[in-house]
Amino acid sequence: MQESLTVIGIILIGMALRSCRKRLFRKLGALVYLLASGVIVYFLTANLLLSIASIFLWFLLPWIELGSRVRKLRLPLKNHLHEEGRPRLQHFPEAAHNIDELEALDFEHSSDYSWDWAGSSQHYSFYWHPEERAVVTICLCKQSNIAFSYLTISSRCKDGKVYRTSNFPFSPTLKNAPHVSWNQLTCRHCTLEDSLNNHRRFIQKKGTDFDALMMPDPDALNEEVENDMATQIQHNLDSGIITLSENGKFRYSFRGLCFLWRQFIKDMIRLS
C-alpha cells in the first residue's frame, strides 16, 4: 500500500506541474511522469538499473511508428499543387483569425492550392504584400481525425536565398535546402503583426538588407512551392536521408529514420 501511495503522490505532483502556465514547470512535470514509471518498475523488480532503463525506454517508442508505418511510406519525387477553393474554416478557428488579421494588415489574397503529402491533405491559401515583400501562407492540414492549421511567412532574396518564419507545431520531416533559412516561432498564439516583426528581425539577424528582398509574384507562388519542394527532396537524396524507390517515388533510408527519430525526440521535449 505504501508503494502505491508513493506512485500516486508522484503522479499527482506531475499533474500539478503540468497544469502550470510556465513552460519550465510543464517540462518538469513531464520528467516527473517519467520518474513515476521508473519508480513503478523499481517497486515491481527491486532492480535499480532496470528501473532507469525503463525511463529511457520511452524515448525508443517512436521507433514503433518508424518501423511499422514510416519505413513503408513511398512518397512522390514530384508533387504538384492543384488549384481549389478555400474549404470551410469551422474546424480551423485559428486560421480564420489569421485571415482576419491579414486583411486588417492589407495583405491581398492571391490563390488557393492543395496537395496530398504523407497521408495528409494540405490546403494552402496564399496572401502577399508588395511593401512588406513577404508572402504569408495559411496551411490547413487534415489527417484522419486530426485537423490543425499554421502559417508561414516567406521572403526571397535576389541571390536565391529564402527566409521563412513559421509556427508549424512540429519539427520538419526533411532537411531544409542550404539556401533556406528557417525561423521557428515558439508561440503559436502570438499575433500576426508580432510574427511579421519577428520575421523582419530574423532577416536582419542573417545580415540581409530589406532592399535585397524581391517583390513577390502572386501568379507564381504555387510554382515556387513546387520548385522549393523539388530542391529540398534533391538535397535530402544527396544527404542520404531518403533514397529512390520504384515508380518515381522515394522512401526514408535507415539514416533518414534516425533523422526522424531525433525530430520526434525534439518534439517530445519541446511540446512537453
# chains A, B, ... in the order shown; residues from 1 in each chain; ligands from 1
>>> select_by_dssp(residues="stretch 3-219 of chain A", states="strand (DSSP E)", output="JSON, numbers by chain")
{"A": [75, 76, 82, 83, 108, 109, 110, 111, 112, 113, 114, 115, 116, 117, 120, 121, 122, 123, 124, 125, 126, 127, 128, 129, 134, 135, 136, 137, 138, 139, 140, 141, 142, 143, 146, 147, 148, 149, 150, 151, 152, 153, 154, 155, 156, 162, 163, 164, 165, 166, 180, 181, 182, 183, 184]}
>>> residues_around(residues="stretch 168-180 of chain A", least_positions_apart="5", cutoff="9 Å", atoms="only C-alpha atoms", output="ChimeraX atom specification")
/A:149-152,160-163,185-186,188,228,231-236,239,241-242,256,259-260,263-264,266-267,271
>>> residues_around(residues="A:Arg88", least_positions_apart="6", cutoff="12 Å", atoms="only C-alpha atoms", output="list in words")
Ala95, Ala96, His123 and Leu140 of chain A
>>> write_last_selection(atoms="N, CA, C and O atoms", output="short mmCIF file (atom, residue, chain, number, x, y, z; two decimals), in the first residue's frame")
data_model
loop_
_atom_site.label_atom_id
_atom_site.label_comp_id
_atom_site.auth_asym_id
_atom_site.auth_seq_id
_atom_site.Cartn_x
_atom_site.Cartn_y
_atom_site.Cartn_z
N ALA A 95 -7.03 29.62 -38.07
CA ALA A 95 -6.82 30.07 -39.44
C ALA A 95 -7.77 31.21 -39.78
O ALA A 95 -7.37 32.19 -40.45
N ALA A 96 -9.01 31.12 -39.36
CA ALA A 96 -9.97 32.19 -39.61
C ALA A 96 -9.52 33.49 -38.95
O ALA A 96 -9.63 34.57 -39.54
N HIS A 123 -3.97 22.15 -47.54
CA HIS A 123 -4.50 23.25 -48.33
C HIS A 123 -3.72 24.51 -48.02
O HIS A 123 -3.46 24.82 -46.85
N LEU A 140 -3.82 24.55 -44.05
CA LEU A 140 -4.82 23.75 -43.34
C LEU A 140 -4.48 22.28 -43.57
O LEU A 140 -4.40 21.83 -44.72
#
>>> residues_around(residues="A:Ile265", least_positions_apart="4", cutoff="7 Å", atoms="only C-alpha atoms", output="PyMOL selection string")
chain A and resi 59+261+269
>>> write_last_selection(atoms="all heavy atoms", output="compact mmCIF listing (two decimals), in the first residue's frame")
# COMPACT_ATOMS: atom_id res chain seq x y z
N PHE A 59 11.88 6.90 -24.78
CA PHE A 59 12.47 7.60 -25.91
C PHE A 59 12.66 6.68 -27.12
O PHE A 59 12.99 7.15 -28.20
CB PHE A 59 13.81 8.21 -25.51
CG PHE A 59 13.68 9.30 -24.48
CD1 PHE A 59 13.87 9.04 -23.13
CD2 PHE A 59 13.33 10.59 -24.85
CE1 PHE A 59 13.74 10.04 -22.18
CE2 PHE A 59 13.20 11.60 -23.91
CZ PHE A 59 13.40 11.32 -22.57
N TRP A 261 13.72 10.06 -35.98
CA TRP A 261 13.68 9.76 -34.55
C TRP A 261 14.18 10.94 -33.73
O TRP A 261 13.58 11.30 -32.72
CB TRP A 261 14.54 8.52 -34.26
CG TRP A 261 14.63 8.20 -32.80
CD1 TRP A 261 13.65 7.69 -32.00
CD2 TRP A 261 15.77 8.40 -31.96
NE1 TRP A 261 14.11 7.55 -30.71
CE2 TRP A 261 15.41 7.97 -30.65
CE3 TRP A 261 17.06 8.88 -32.18
CZ2 TRP A 261 16.30 8.03 -29.58
CZ3 TRP A 261 17.95 8.93 -31.12
CH2 TRP A 261 17.56 8.51 -29.84
N ILE A 269 10.36 16.82 -26.34
CA ILE A 269 10.93 17.74 -25.36
C ILE A 269 10.31 19.12 -25.49
O ILE A 269 9.95 19.77 -24.51
CB ILE A 269 12.46 17.82 -25.53
CG1 ILE A 269 13.10 16.45 -25.22
CG2 ILE A 269 13.06 18.89 -24.64
CD1 ILE A 269 14.57 16.38 -25.51
>>> closest_residue(among="A:Thr208, A:Gln184, A:Thr191, A:Ser68", to="A:Leu257", atoms="only C-alpha atoms")
A:Ser68
>>> atom_distance(atom1="atom CA of A:Val41", atom2="atom CA of A:Cys258")
27.8 Å
>>> select_by_dssp(residues="stretch 47-114 of chain A", states="alpha helix (DSSP H)", output="JSON, numbers by chain")
{"A": [48, 49, 50, 51, 52, 53, 54, 55, 56, 57, 62, 63, 64, 65, 66, 67, 68, 93, 94, 95, 96, 97, 98, 99, 100, 101, 102, 103, 104]}
>>> residues_around(residues="stretch 42-53 of chain A", least_positions_apart="6", cutoff="12 Å", atoms="only C-alpha atoms", output="count of residues only")
12
>>> closest_residue(among="A:Ala118, A:Ile8, A:Leu192, A:Leu66", to="A:Asn98", atoms="only C-alpha atoms")
A:Leu192
>>> residues_around(residues="A:Ser111", least_positions_apart="2", cutoff="7 Å", atoms="only C-alpha atoms", output="VMD selection string")
chain A and resid 109 113 125 to 126
>>> atom_distance(atom1="atom CA of A:Gly207", atom2="atom CA of A:Asn167")
22.4 Å
>>> residues_around(residues="stretch 197-206 of chain A", least_positions_apart="4", cutoff="9 Å", atoms="only C-alpha atoms", output="CSV table (one decimal) with C-alpha atoms, in the first residue's frame")
chain,number,residue,atom,x,y,z
A,153,ILE,CA,5.9,33.9,-43.7
A,154,SER,CA,8.3,33.8,-46.7
A,155,SER,CA,10.7,36.3,-48.2
A,163,TYR,CA,13.8,33.2,-45.3
A,164,ARG,CA,10.9,31.5,-43.6
A,165,THR,CA,9.2,32.2,-40.3
A,166,SER,CA,6.6,29.6,-39.2
A,181,SER,CA,16.8,29.7,-43.5
A,183,ASN,CA,12.9,30.6,-38.1
A,185,LEU,CA,8.2,30.7,-33.7
A,192,LEU,CA,0.3,38.1,-37.0
A,193,GLU,CA,1.9,41.6,-36.5
A,210,PHE,CA,15.4,44.9,-46.9
>>> closest_residue(among="A:Glu108, A:Asp209, A:Glu94, A:Asp116", to="A:Arg156", atoms="only C-alpha atoms")
A:Asp209
